[in-house]
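Printed here is run_37.pdb (PDB, C-alpha atoms):
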```
ATOM      1  CA  MET K   1      -9.667 -10.001 -22.463
ATOM      2  CA  PHE K   2      -6.160 -11.449 -22.576
ATOM      3  CA  PRO K   3      -6.193 -15.103 -21.401
ATOM      4  CA  SER K   4      -3.295 -14.505 -18.988
ATOM      5  CA  THR K   5      -5.061 -11.460 -17.594
ATOM      6  CA  HIS K   6      -8.239 -13.422 -17.091
ATOM      7  CA  HIS K   7      -6.311 -16.144 -15.282
ATOM      8  CA  THR K   8      -4.622 -13.654 -12.974
ATOM      9  CA  LEU K   9      -7.854 -11.787 -12.373
ATOM     10  CA  LEU K  10      -9.437 -15.061 -11.391
ATOM     11  CA  ASN K  11      -6.618 -15.802  -8.959
ATOM     12  CA  LYS K  12      -6.856 -12.336  -7.473
ATOM     13  CA  ALA K  13     -10.610 -12.637  -7.185
ATOM     14  CA  ILE K  14     -10.090 -15.862  -5.249
ATOM     15  CA  ARG K  15      -7.644 -14.077  -2.958
ATOM     16  CA  GLY K  16     -10.062 -11.186  -2.484
ATOM     17  CA  GLU K  17      -7.968  -8.612  -4.298
ATOM     18  CA  GLU K  18     -10.282  -7.991  -7.237
ATOM     19  CA  GLY K  19     -11.430  -4.648  -5.845
ATOM     20  CA  GLN K  20      -7.898  -3.311  -5.579
ATOM     21  CA  LEU K  21      -7.022  -4.549  -9.081
ATOM     22  CA  ASN K  22     -10.086  -2.909 -10.566
ATOM     23  CA  ARG K  23      -9.221   0.352  -8.828
ATOM     24  CA  LEU K  24      -5.740   0.224 -10.388
ATOM     25  CA  LEU K  25      -7.238  -0.387 -13.817
ATOM     26  CA  GLU K  26      -9.598   2.529 -13.246
ATOM     27  CA  VAL K  27      -6.601   4.749 -12.510
ATOM     28  CA  PHE K  28      -4.218   3.705 -15.273
ATOM     29  CA  ALA K  29      -6.557   3.150 -18.227
ATOM     30  CA  PRO K  30      -7.856   6.768 -18.362
ATOM     31  CA  ALA K  31      -4.374   8.155 -17.609
ATOM     32  CA  ILE K  32      -2.949   6.365 -20.637
ATOM     33  CA  GLY K  33      -5.843   7.614 -22.760
ATOM     34  CA  THR K  34      -5.247  11.196 -21.636
ATOM     35  CA  LEU K  35      -1.506  10.885 -22.253
ATOM     36  CA  LYS K  36      -2.216   9.704 -25.793
ATOM     37  CA  GLU K  37      -4.609  12.588 -26.431
ATOM     38  CA  GLU K  38      -2.210  15.170 -25.022
ATOM     39  CA  CYS K  39       0.648  13.816 -27.149
ATOM     40  CA  ALA K  40      -1.519  13.869 -30.282
ATOM     41  CA  SER K  41      -2.733  17.418 -29.727
ATOM     42  CA  GLY K  42       0.769  18.659 -28.896
ATOM     43  CA  GLY K  43       2.496  17.104 -31.910
ATOM     44  CA  ARG K  44       4.265  14.598 -29.658
ATOM     45  CA  GLU K  45       3.074  11.391 -31.284
ATOM     46  CA  VAL K  46       6.586   9.925 -31.285
ATOM     47  CA  ARG K  47       6.810  10.309 -27.527
ATOM     48  CA  PHE K  48       3.624   8.331 -27.041
ATOM     49  CA  ALA K  49       4.692   5.764 -29.630
ATOM     50  CA  ILE K  50       7.943   5.193 -27.728
ATOM     51  CA  PHE K  51       6.055   4.953 -24.425
ATOM     52  CA  GLU K  52       3.641   2.502 -26.008
ATOM     53  CA  ALA K  53       6.411   0.408 -27.560
ATOM     54  CA  TYR K  54       8.325   0.078 -24.313
ATOM     55  CA  ASP K  55       5.976   0.487 -21.380
ATOM     56  CA  LEU K  56       2.834  -1.080 -22.836
ATOM     57  CA  ALA K  57       4.613  -4.031 -24.467
ATOM     58  CA  GLU K  58       2.480  -7.089 -23.791
ATOM     59  CA  ASP K  59       5.161  -9.658 -24.518
ATOM     60  CA  THR K  60       8.901  -9.195 -24.271
ATOM     61  CA  ARG K  61       9.815  -5.585 -23.526
ATOM     62  CA  PRO K  62      12.148  -4.240 -26.267
ATOM     63  CA  SER K  63      15.532  -2.760 -25.384
ATOM     64  CA  TYR K  64      16.066   0.989 -25.634
ATOM     65  CA  GLU K  65      18.279   0.309 -28.673
ATOM     66  CA  GLU K  66      15.512  -1.608 -30.423
ATOM     67  CA  VAL K  67      13.021   1.190 -29.774
ATOM     68  CA  ALA K  68      15.554   3.745 -31.061
ATOM     69  CA  LEU K  69      16.044   1.755 -34.274
ATOM     70  CA  ARG K  70      12.290   1.357 -34.748
ATOM     71  CA  TYR K  71      11.676   5.126 -34.532
ATOM     72  CA  HIS K  72      14.946   6.275 -36.132
ATOM     73  CA  VAL K  73      16.049   8.310 -33.128
ATOM     74  CA  PRO K  74      19.143   8.168 -30.876
ATOM     75  CA  VAL K  75      18.935   6.105 -27.678
ATOM     76  CA  THR K  76      19.248   9.305 -25.623
ATOM     77  CA  THR K  77      16.045  10.569 -27.266
ATOM     78  CA  VAL K  78      14.309   7.346 -26.256
ATOM     79  CA  THR K  79      15.395   7.759 -22.632
ATOM     80  CA  ASN K  80      14.437  11.440 -22.631
ATOM     81  CA  HIS K  81      11.015  10.753 -24.145
ATOM     82  CA  MET K  82      10.391   7.919 -21.713
ATOM     83  CA  ALA K  83      11.399  10.053 -18.725
ATOM     84  CA  TRP K  84       8.961  12.699 -19.920
ATOM     85  CA  ALA K  85       6.167  10.154 -20.432
ATOM     86  CA  TRP K  86       6.725   8.650 -16.971
ATOM     87  CA  LYS K  87       6.606  12.077 -15.359
ATOM     88  CA  GLU K  88       3.375  12.830 -17.207
ATOM     89  CA  LEU K  89       1.933   9.458 -16.215
ATOM     90  CA  ARG K  90       2.710  10.128 -12.542
ATOM     91  CA  ARG K  91       1.010  13.505 -12.834
ATOM     92  CA  LEU K  92      -2.046  12.031 -14.555
ATOM     93  CA  VAL K  93      -2.585   9.190 -12.094
ATOM     94  CA  GLN K  94      -2.409  11.688  -9.239
ATOM     95  CA  ARG K  95      -5.218  13.825 -10.664
TER
ATOM     96  CA  MET B   1      -7.947  -4.060 -20.703
ATOM     97  CA  ILE B   2      -4.380  -3.677 -19.529
ATOM     98  CA  PRO B   3      -2.587  -7.007 -18.993
ATOM     99  CA  ASP B   4      -1.368  -7.581 -15.406
ATOM    100  CA  ARG B   5       2.267  -7.615 -16.504
ATOM    101  CA  VAL B   6       1.924  -4.152 -18.037
ATOM    102  CA  LEU B   7      -0.040  -2.950 -15.027
ATOM    103  CA  ASP B   8       2.741  -4.096 -12.677
ATOM    104  CA  HIS B   9       5.319  -2.292 -14.807
ATOM    105  CA  LEU B  10       3.280   0.931 -14.852
ATOM    106  CA  ARG B  11       2.902   0.745 -11.111
ATOM    107  CA  ALA B  12       6.678   0.438 -10.768
ATOM    108  CA  VAL B  13       7.121   3.453 -13.058
ATOM    109  CA  VAL B  14       4.713   5.515 -10.998
ATOM    110  CA  ASP B  15       6.337   4.325  -7.762
ATOM    111  CA  GLU B  16       9.851   5.361  -8.814
ATOM    112  CA  LEU B  17      11.215   7.665  -6.145
ATOM    113  CA  ASP B  18      12.419  11.203  -6.880
ATOM    114  CA  LEU B  19      13.385  12.868  -3.593
ATOM    115  CA  SER B  20      14.904  15.998  -5.082
ATOM    116  CA  GLY B  21      13.857  19.054  -3.105
ATOM    117  CA  THR B  22      13.274  17.073   0.090
ATOM    118  CA  ARG B  23      15.578  16.482   3.050
ATOM    119  CA  TYR B  24      15.585  12.721   2.412
ATOM    120  CA  GLU B  25      18.035  10.516   0.555
ATOM    121  CA  ALA B  26      16.689   7.691  -1.574
ATOM    122  CA  GLY B  27      16.895   4.239  -0.090
ATOM    123  CA  ARG B  28      15.506   0.809  -0.707
ATOM    124  CA  MET B  29      11.860  -0.158  -0.931
ATOM    125  CA  ILE B  30      10.744  -2.095   2.149
ATOM    126  CA  GLY B  31       7.072  -2.499   1.413
ATOM    127  CA  LYS B  32       4.592  -2.169  -1.401
ATOM    128  CA  GLY B  33       0.842  -2.114  -1.531
ATOM    129  CA  ASP B  34      -1.976  -0.635  -3.535
ATOM    130  CA  MET B  35      -2.147   2.315  -1.154
ATOM    131  CA  GLY B  36       1.510   3.198  -1.702
ATOM    132  CA  SER B  37       5.099   2.070  -1.429
ATOM    133  CA  VAL B  38       7.291   2.396   1.648
ATOM    134  CA  TYR B  39      11.022   3.155   1.472
ATOM    135  CA  ARG B  40      13.781   3.156   4.048
ATOM    136  CA  VAL B  41      15.364   6.594   3.498
ATOM    137  CA  ARG B  42      17.851   8.763   5.371
ATOM    138  CA  ASP B  43      16.776  12.077   6.854
ATOM    139  CA  ARG B  44      19.827  14.228   6.058
ATOM    140  CA  MET B  45      18.888  16.975   8.505
ATOM    141  CA  LEU B  46      18.546  14.708  11.539
ATOM    142  CA  ASP B  47      20.922  11.987  10.297
ATOM    143  CA  ARG B  48      18.563   9.119  10.938
ATOM    144  CA  TYR B  49      16.736   6.521   8.910
ATOM    145  CA  VAL B  50      12.977   6.786   8.593
ATOM    146  CA  ALA B  51      10.163   5.099   6.685
ATOM    147  CA  LEU B  52       8.863   7.222   3.809
ATOM    148  CA  LYS B  53       5.579   6.187   2.269
ATOM    149  CA  VAL B  54       4.784   7.475  -1.198
ATOM    150  CA  ILE B  55       1.047   7.693  -1.572
ATOM    151  CA  GLY B  56      -0.018   5.542  -4.505
ATOM    152  CA  PRO B  57      -2.509   6.354  -7.242
ATOM    153  CA  VAL B  58      -5.210   4.447  -5.358
ATOM    154  CA  GLY B  59      -4.348   6.092  -2.047
ATOM    155  CA  ASP B  60      -6.571   8.730  -0.531
ATOM    156  CA  GLY B  61      -4.151  11.674  -0.492
ATOM    157  CA  PHE B  62      -2.894  12.548   2.977
ATOM    158  CA  LYS B  63      -5.645  10.704   4.814
ATOM    159  CA  GLU B  64      -3.193   8.292   6.473
ATOM    160  CA  ALA B  65      -1.029  11.200   7.649
ATOM    161  CA  ARG B  66      -4.052  12.993   9.063
ATOM    162  CA  THR B  67      -5.163   9.778  10.741
ATOM    163  CA  LEU B  68      -1.767   9.343  12.407
ATOM    164  CA  THR B  69      -1.810  12.884  13.756
ATOM    165  CA  ARG B  70      -4.971  11.883  15.656
ATOM    166  CA  LEU B  71      -3.342   8.775  17.051
ATOM    167  CA  GLU B  72      -0.445   9.616  19.323
ATOM    168  CA  HIS B  73      -0.012   6.372  21.233
ATOM    169  CA  PRO B  74       3.020   4.233  22.134
ATOM    170  CA  GLY B  75       1.549   1.329  20.159
ATOM    171  CA  ILE B  76       0.890   3.275  16.958
ATOM    172  CA  VAL B  77       3.647   4.229  14.551
ATOM    173  CA  PRO B  78       4.263   7.997  14.860
ATOM    174  CA  LEU B  79       4.157  10.424  11.952
ATOM    175  CA  TYR B  80       7.218  12.672  11.538
ATOM    176  CA  ASP B  81       6.562  14.623   8.373
ATOM    177  CA  ALA B  82       4.448  14.851   5.235
ATOM    178  CA  GLY B  83       4.866  16.650   1.955
ATOM    179  CA  THR B  84       4.782  16.528  -1.820
ATOM    180  CA  LEU B  85       7.473  15.109  -4.109
ATOM    181  CA  ALA B  86       8.772  16.942  -7.158
ATOM    182  CA  ASP B  87       6.522  14.818  -9.360
ATOM    183  CA  GLY B  88       3.440  15.877  -7.410
ATOM    184  CA  ARG B  89       2.935  12.708  -5.393
ATOM    185  CA  GLY B  90       2.293  13.010  -1.698
ATOM    186  CA  TYR B  91       4.417  11.304   0.936
ATOM    187  CA  CYS B  92       4.415  10.811   4.659
ATOM    188  CA  VAL B  93       7.376  10.014   6.869
ATOM    189  CA  MET B  94       7.086   7.737   9.863
ATOM    190  CA  ARG B  95       9.349   6.121  12.404
ATOM    191  CA  LEU B  96      11.316   3.236  10.922
ATOM    192  CA  VAL B  97      10.212   0.422  13.196
ATOM    193  CA  ASP B  98      12.780  -2.253  13.861
ATOM    194  CA  GLY B  99      10.635  -5.254  14.616
ATOM    195  CA  LYS B 100       9.253  -8.549  13.408
ATOM    196  CA  PRO B 101       5.762  -9.292  12.125
ATOM    197  CA  LEU B 102       3.401 -10.834  14.612
ATOM    198  CA  ARG B 103       3.815 -14.581  15.087
ATOM    199  CA  ARG B 104       2.632 -17.411  17.296
ATOM    200  CA  PHE B 105       4.304 -17.184  20.689
ATOM    201  CA  ASP B 106       5.693 -20.161  22.586
ATOM    202  CA  GLY B 107       4.888 -18.700  25.963
ATOM    203  CA  LEU B 108       1.345 -17.885  27.078
ATOM    204  CA  ALA B 109       2.381 -14.861  29.154
ATOM    205  CA  GLU B 110       4.332 -13.309  26.282
ATOM    206  CA  GLY B 111       1.487 -13.915  23.823
ATOM    207  CA  LEU B 112      -1.072 -12.403  26.166
ATOM    208  CA  ALA B 113       1.110  -9.381  26.895
ATOM    209  CA  VAL B 114       1.483  -8.657  23.182
ATOM    210  CA  ALA B 115      -2.227  -9.245  22.559
ATOM    211  CA  GLY B 116      -3.012  -6.788  25.342
ATOM    212  CA  LYS B 117      -0.803  -4.113  23.811
ATOM    213  CA  ILE B 118      -2.380  -4.569  20.382
ATOM    214  CA  CYS B 119      -5.839  -4.226  21.929
ATOM    215  CA  GLU B 120      -4.752  -1.086  23.812
ATOM    216  CA  ALA B 121      -3.511   0.544  20.594
ATOM    217  CA  VAL B 122      -6.593  -0.417  18.577
ATOM    218  CA  GLY B 123      -8.850   0.553  21.496
ATOM    219  CA  PHE B 124      -7.214   3.965  21.601
ATOM    220  CA  ALA B 125      -7.800   4.387  17.855
ATOM    221  CA  HIS B 126     -11.461   3.471  18.350
ATOM    222  CA  SER B 127     -11.737   6.024  21.153
ATOM    223  CA  GLN B 128     -10.503   8.606  18.641
ATOM    224  CA  GLY B 129     -13.056   7.457  16.080
ATOM    225  CA  VAL B 130     -10.652   5.554  13.828
ATOM    226  CA  ILE B 131     -11.173   1.993  12.553
ATOM    227  CA  HIS B 132      -8.037   0.330  11.165
ATOM    228  CA  ARG B 133      -9.801  -2.134   8.778
ATOM    229  CA  ASP B 134      -6.647  -4.097   7.910
ATOM    230  CA  LEU B 135      -5.346  -5.645  11.114
ATOM    231  CA  LYS B 136      -3.150  -8.616  10.230
ATOM    232  CA  PRO B 137       0.254  -9.976  11.325
ATOM    233  CA  GLU B 138       2.164  -8.021   8.651
ATOM    234  CA  ASN B 139       0.765  -4.749   9.991
ATOM    235  CA  ILE B 140       1.805  -5.381  13.592
ATOM    236  CA  LEU B 141       5.485  -5.403  14.503
ATOM    237  CA  THR B 142       6.901  -6.629  17.778
ATOM    238  CA  GLY B 143      10.229  -5.314  19.039
ATOM    239  CA  GLN B 144      12.937  -7.098  20.981
ATOM    240  CA  PHE B 145      11.810  -5.498  24.264
ATOM    241  CA  GLY B 146       8.204  -6.602  23.868
ATOM    242  CA  GLN B 147       7.009  -3.346  22.363
ATOM    243  CA  VAL B 148       4.191  -3.531  19.829
ATOM    244  CA  MET B 149       3.575  -1.157  16.937
ATOM    245  CA  VAL B 150       0.449  -1.126  14.782
ATOM    246  CA  LEU B 151       1.248   0.073  11.249
ATOM    247  CA  ASP B 152      -0.405   0.827   7.940
ATOM    248  CA  TRP B 153      -3.412   3.010   8.617
ATOM    249  CA  GLY B 154      -3.809   3.655   4.870
ATOM    250  CA  ILE B 155      -7.354   2.305   4.618
ATOM    251  CA  ALA B 156      -8.472   3.336   8.100
ATOM    252  CA  LEU B 157     -11.961   4.756   8.377
ATOM    253  CA  TRP B 158     -12.989   7.714  10.498
ATOM    254  CA  SER B 159     -16.210   7.535  12.459
ATOM    255  CA  GLY B 160     -19.097   9.039  10.598
ATOM    256  CA  ALA B 161     -17.643   8.005   7.245
ATOM    257  CA  ARG B 162     -19.341   5.116   5.484
ATOM    258  CA  GLY B 163     -17.009   2.361   4.452
ATOM    259  CA  SER B 164     -17.222  -1.048   2.925
ATOM    260  CA  ARG B 165     -15.241  -4.188   3.646
ATOM    261  CA  ALA B 166     -11.561  -3.912   2.975
ATOM    262  CA  GLY B 167      -8.341  -5.554   3.986
ATOM    263  CA  THR B 168      -7.154  -9.130   3.882
ATOM    264  CA  ARG B 169      -9.713 -11.874   3.534
ATOM    265  CA  ARG B 170      -8.496 -14.121   6.359
ATOM    266  CA  TYR B 171      -8.832 -11.308   8.896
ATOM    267  CA  MET B 172     -11.839  -9.581   7.314
ATOM    268  CA  ALA B 173     -15.188  -9.559   9.077
ATOM    269  CA  PRO B 174     -18.082 -10.884   6.971
ATOM    270  CA  GLU B 175     -20.432  -7.907   7.365
ATOM    271  CA  ALA B 176     -20.731  -5.336   4.582
ATOM    272  CA  GLU B 177     -21.039  -2.295   6.853
ATOM    273  CA  VAL B 178     -17.886  -1.421   8.757
ATOM    274  CA  ASP B 179     -17.675  -0.250  12.363
ATOM    275  CA  ALA B 180     -15.352  -0.826  15.327
ATOM    276  CA  ARG B 181     -16.563  -4.416  15.593
ATOM    277  CA  THR B 182     -14.900  -5.078  12.254
ATOM    278  CA  ASP B 183     -11.526  -4.587  13.963
ATOM    279  CA  ILE B 184     -12.712  -6.725  16.898
ATOM    280  CA  PHE B 185     -13.227  -9.591  14.428
ATOM    281  CA  SER B 186      -9.642  -9.223  13.140
ATOM    282  CA  LEU B 187      -8.331  -9.063  16.711
ATOM    283  CA  GLY B 188     -10.101 -12.332  17.496
ATOM    284  CA  VAL B 189      -8.467 -14.082  14.557
ATOM    285  CA  LEU B 190      -5.081 -12.607  15.509
ATOM    286  CA  LEU B 191      -5.470 -13.713  19.125
ATOM    287  CA  GLU B 192      -6.068 -17.290  18.024
ATOM    288  CA  GLU B 193      -3.000 -17.133  15.840
ATOM    289  CA  ILE B 194      -0.561 -15.755  18.390
ATOM    290  CA  LEU B 195      -1.563 -17.792  21.435
ATOM    291  CA  PRO B 196       0.620 -20.855  21.927
ATOM    292  CA  LEU B 197      -0.685 -24.197  20.768
ATOM    293  CA  GLY B 198      -2.697 -25.779  23.539
ATOM    294  CA  ALA B 199      -3.723 -22.433  25.037
ATOM    295  CA  PRO B 200      -6.370 -22.644  27.800
ATOM    296  CA  ARG B 201      -9.883 -23.134  26.521
ATOM    297  CA  PRO B 202     -11.322 -19.949  28.112
ATOM    298  CA  LEU B 203      -8.806 -17.876  26.142
ATOM    299  CA  LEU B 204      -9.767 -19.585  22.904
ATOM    300  CA  ALA B 205     -13.414 -18.904  23.768
ATOM    301  CA  ILE B 206     -12.596 -15.209  24.111
ATOM    302  CA  ALA B 207     -10.957 -15.250  20.662
ATOM    303  CA  ALA B 208     -13.921 -17.129  19.191
ATOM    304  CA  LYS B 209     -16.403 -14.597  20.619
ATOM    305  CA  ALA B 210     -14.324 -11.748  19.205
ATOM    306  CA  HIS B 211     -14.493 -13.181  15.701
ATOM    307  CA  ALA B 212     -18.087 -14.357  15.784
ATOM    308  CA  ASN B 213     -19.768 -14.020  12.404
ATOM    309  CA  GLU B 214     -22.545 -11.798  13.741
ATOM    310  CA  PRO B 215     -21.244  -8.373  14.863
ATOM    311  CA  GLU B 216     -23.822  -8.328  17.696
ATOM    312  CA  ALA B 217     -22.298 -11.520  19.117
ATOM    313  CA  ARG B 218     -18.820  -9.985  19.426
ATOM    314  CA  TYR B 219     -17.444  -7.820  22.189
ATOM    315  CA  GLN B 220     -18.977  -4.351  21.802
TER
END
```
How would this structure read if it were set down as structure tokens?
Amino acid sequence: MFPSTHHTLLNKAIRGEEGQLNRLLEVFAPAIGTLKEECASGGREVRFAIFEAYDLAEDTRPSYEEVALRYHVPVTTVTNHMAWAWKELRRLVQR
Amino acid sequence: MIPDRVLDHLRAVVDELDLSGTRYEAGRMIGKGDMGSVYRVRDRMLDRYVALKVIGPVGDGFKEARTLTRLEHPGIVPLYDAGTLADGRGYCVMRLVDGKPLRRFDGLAEGLAVAGKICEAVGFAHSQGVIHRDLKPENILTGQFGQVMVLDWGIALWSGARGSRAGTRRYMAPEAEVDARTDIFSLGVLLEEILPLGAPRPLLAIAAKAHANEPEARYQ
């Protein structure tokens, strides 16, 4: 477990919010897993890679330009792929 | 494990509002919780501002909307509309209440009048078989004319359904099994908090009985 996560979890547990936090983790963790699987099976690995690079960044979130350079695509492709991934994520967490 | 920072970001992504295909115009977020986010939006058809709640990933579908349709009462925020956004998320539209969260009153009469209205609204919900489960100052707004509005029925429980403890720790009854007395506990804590300092002892005794640790010792 990430130390910062553990610290925050502890604080939330003290404030009585641990149940809500766990429910959020239960919703997002499988949704991300499904998104990854769907991207892999549909030949959309780059889309997931861009989503992972930007949205799952644990430290400083990279700029769109940095993500575009990393994956050798135009910035508009980054924004398009991210918009698609976000829409899919919303759909998956609603299931 | 997803770090909290990433989790917060993903929640913001999921909460982003797309109102295309609805009669509402996007506005600013005015509240956020695990059960959903609330926005102040404009109803283009009726040219008025309303509160639109997007049901979050943890929310229980349209349960809050269905609860509100059971609870037509002057002290309970009314439901105007419900539907599904383009991205598949559900939403419900309620009156935009212009009021302030509950606070301690300077005057005894004013405090008691507000407490009475809260109890009437919650009592009505109980008579309809609905337990709020999250009564706290932030979920009760008072208007400039003394009106009281109980909000946020997102984790309310219908009679017959089994439910566990939920809500905000300070106002949460200690028992594991929830029933109407769980709300009575919260009302007792709220009463103590809104009565003016130095309130008569018999009133404080009423509040203390309402939030007794044992459910059997509370008002039934």
Contact residues (chain B, partner chain K, 6 Å, all atoms listed in the file) as a compact mmCIF listing (two decimals) with C-alpha atoms, keeping the file's coordinate frame:
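Once written, result.txt looks like this:
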```txt
# COMPACT_ATOMS: atom_id res chain seq x y z
CA PRO B 3 -2.59 -7.01 -18.99
CA ASP B 4 -1.37 -7.58 -15.41
CA VAL B 6 1.92 -4.15 -18.04
CA VAL B 14 4.71 5.52 -11.00
CA PRO B 57 -2.51 6.35 -7.24
```
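Interatomic distance, atom CA of B:Thr69 to atom CA of B:Asp81: 10.1 Å.
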Shell of 10 Å around stretch 203-213 of chain B, all atoms listed in the file, local chain residues under 5 positions omitted, as a PyMOL selection string: chain B and resi 112+171-175+181-193+195+198+218-220
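As for atom CA of B:Asp179 and atom CA of B:Glu216, they are spaced 11.5 Å apart.
Take atom CA of B:His126 and atom CA of B:Gln147: the distance between them is 20.1 Å.
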Tell me, as a VMD selection string, which residues lie within 7 Å of B:Trp158, counting only C-alpha atoms; anything in the same chain fewer than 2 positions away does not count. chain B and resid 129 to 131 156 160 to 161
Would you export the selected residues with C-alpha atoms as a PDB file, in the frame of the given file, please?
```pdb
ATOM      1  CA  GLY B 129     -13.056   7.457  16.080  1.00  0.00           C
ATOM      2  CA  VAL B 130     -10.652   5.554  13.828  1.00  0.00           C
ATOM      3  CA  ILE B 131     -11.173   1.993  12.553  1.00  0.00           C
ATOM      4  CA  ALA B 156      -8.472   3.336   8.100  1.00  0.00           C
ATOM      5  CA  GLY B 160     -19.097   9.039  10.598  1.00  0.00           C
ATOM      6  CA  ALA B 161     -17.643   8.005   7.245  1.00  0.00           C
TER       7      ALA B 161
END
```
Give me the box for stretch 6-23 of chain B as JSON, namely the centre and edge lengths in Å to one decimal of a box along x, y and z that holds every listed atom plus 8 Å on each side.
```
{"center_x": 7.8, "center_y": 7.5, "center_z": -7.5, "size_x": 31.6, "size_y": 39.2, "size_z": 37.1}
```
Because some atoms of stretch 42-48 of chain K are absent here, can you restore all heavy atoms and send them as a PDB file, keeping the file's coordinate frame?
```pdb
ATOM      1  N   GLY K  42      -0.434  17.839 -29.020  1.00  0.00           N
ATOM      2  CA  GLY K  42       0.769  18.659 -28.896  1.00  0.00           C
ATOM      3  C   GLY K  42       1.851  18.311 -29.908  1.00  0.00           C
ATOM      4  O   GLY K  42       2.991  18.766 -29.769  1.00  0.00           O
ATOM      5  N   GLY K  43       1.503  17.485 -30.898  1.00  0.00           N
ATOM      6  CA  GLY K  43       2.496  17.104 -31.910  1.00  0.00           C
ATOM      7  C   GLY K  43       3.601  16.224 -31.345  1.00  0.00           C
ATOM      8  O   GLY K  43       4.738  16.264 -31.814  1.00  0.00           O
ATOM      9  N   ARG K  44       3.257  15.443 -30.307  1.00  0.00           N
ATOM     10  CA  ARG K  44       4.265  14.598 -29.658  1.00  0.00           C
ATOM     11  C   ARG K  44       3.939  13.111 -29.844  1.00  0.00           C
ATOM     12  O   ARG K  44       4.107  12.306 -28.919  1.00  0.00           O
ATOM     13  CB  ARG K  44       4.339  14.930 -28.166  1.00  0.00           C
ATOM     14  CG  ARG K  44       4.877  16.318 -27.900  1.00  0.00           C
ATOM     15  CD  ARG K  44       4.661  16.724 -26.464  1.00  0.00           C
ATOM     16  NE  ARG K  44       5.521  17.840 -26.110  1.00  0.00           N
ATOM     17  CZ  ARG K  44       5.380  18.579 -25.025  1.00  0.00           C
ATOM     18  NH1 ARG K  44       4.414  18.315 -24.182  1.00  0.00           N
ATOM     19  NH2 ARG K  44       6.206  19.571 -24.766  1.00  0.00           N
ATOM     20  N   GLU K  45       3.494  12.772 -31.044  1.00  0.00           N
ATOM     21  CA  GLU K  45       3.074  11.391 -31.284  1.00  0.00           C
ATOM     22  C   GLU K  45       4.218  10.406 -31.066  1.00  0.00           C
ATOM     23  O   GLU K  45       4.003   9.287 -30.595  1.00  0.00           O
ATOM     24  CB  GLU K  45       2.536  11.234 -32.718  1.00  0.00           C
ATOM     25  CG  GLU K  45       1.207  11.918 -32.971  1.00  0.00           C
ATOM     26  CD  GLU K  45       1.345  13.380 -33.376  1.00  0.00           C
ATOM     27  OE1 GLU K  45       2.460  13.928 -33.243  1.00  0.00           O
ATOM     28  OE2 GLU K  45       0.347  13.981 -33.808  1.00  0.00           O
ATOM     29  N   VAL K  46       5.446  10.843 -31.418  1.00  0.00           N
ATOM     30  CA  VAL K  46       6.586   9.925 -31.285  1.00  0.00           C
ATOM     31  C   VAL K  46       6.815   9.585 -29.810  1.00  0.00           C
ATOM     32  O   VAL K  46       7.148   8.452 -29.472  1.00  0.00           O
ATOM     33  CB  VAL K  46       7.861  10.539 -31.905  1.00  0.00           C
ATOM     34  CG1 VAL K  46       9.076   9.653 -31.641  1.00  0.00           C
ATOM     35  CG2 VAL K  46       7.670  10.722 -33.400  1.00  0.00           C
ATOM     36  N   ARG K  47       6.625  10.569 -28.959  1.00  0.00           N
ATOM     37  CA  ARG K  47       6.810  10.309 -27.527  1.00  0.00           C
ATOM     38  C   ARG K  47       5.844   9.217 -27.050  1.00  0.00           C
ATOM     39  O   ARG K  47       6.228   8.314 -26.310  1.00  0.00           O
ATOM     40  CB  ARG K  47       6.579  11.582 -26.710  1.00  0.00           C
ATOM     41  CG  ARG K  47       7.633  12.618 -26.978  1.00  0.00           C
ATOM     42  CD  ARG K  47       7.524  13.769 -26.008  1.00  0.00           C
ATOM     43  NE  ARG K  47       8.499  14.807 -26.360  1.00  0.00           N
ATOM     44  CZ  ARG K  47       8.981  15.695 -25.519  1.00  0.00           C
ATOM     45  NH1 ARG K  47       8.582  15.704 -24.277  1.00  0.00           N
ATOM     46  NH2 ARG K  47       9.852  16.587 -25.925  1.00  0.00           N
ATOM     47  N   PHE K  48       4.577   9.351 -27.472  1.00  0.00           N
ATOM     48  CA  PHE K  48       3.624   8.331 -27.041  1.00  0.00           C
ATOM     49  C   PHE K  48       3.946   6.990 -27.685  1.00  0.00           C
ATOM     50  O   PHE K  48       3.828   5.936 -27.044  1.00  0.00           O
ATOM     51  CB  PHE K  48       2.178   8.727 -27.364  1.00  0.00           C
ATOM     52  CG  PHE K  48       1.188   7.748 -26.789  1.00  0.00           C
ATOM     53  CD1 PHE K  48       0.812   7.850 -25.453  1.00  0.00           C
ATOM     54  CD2 PHE K  48       0.696   6.700 -27.542  1.00  0.00           C
ATOM     55  CE1 PHE K  48      -0.060   6.916 -24.886  1.00  0.00           C
ATOM     56  CE2 PHE K  48      -0.169   5.763 -26.983  1.00  0.00           C
ATOM     57  CZ  PHE K  48      -0.554   5.877 -25.658  1.00  0.00           C
TER      58      PHE K  48
END
```
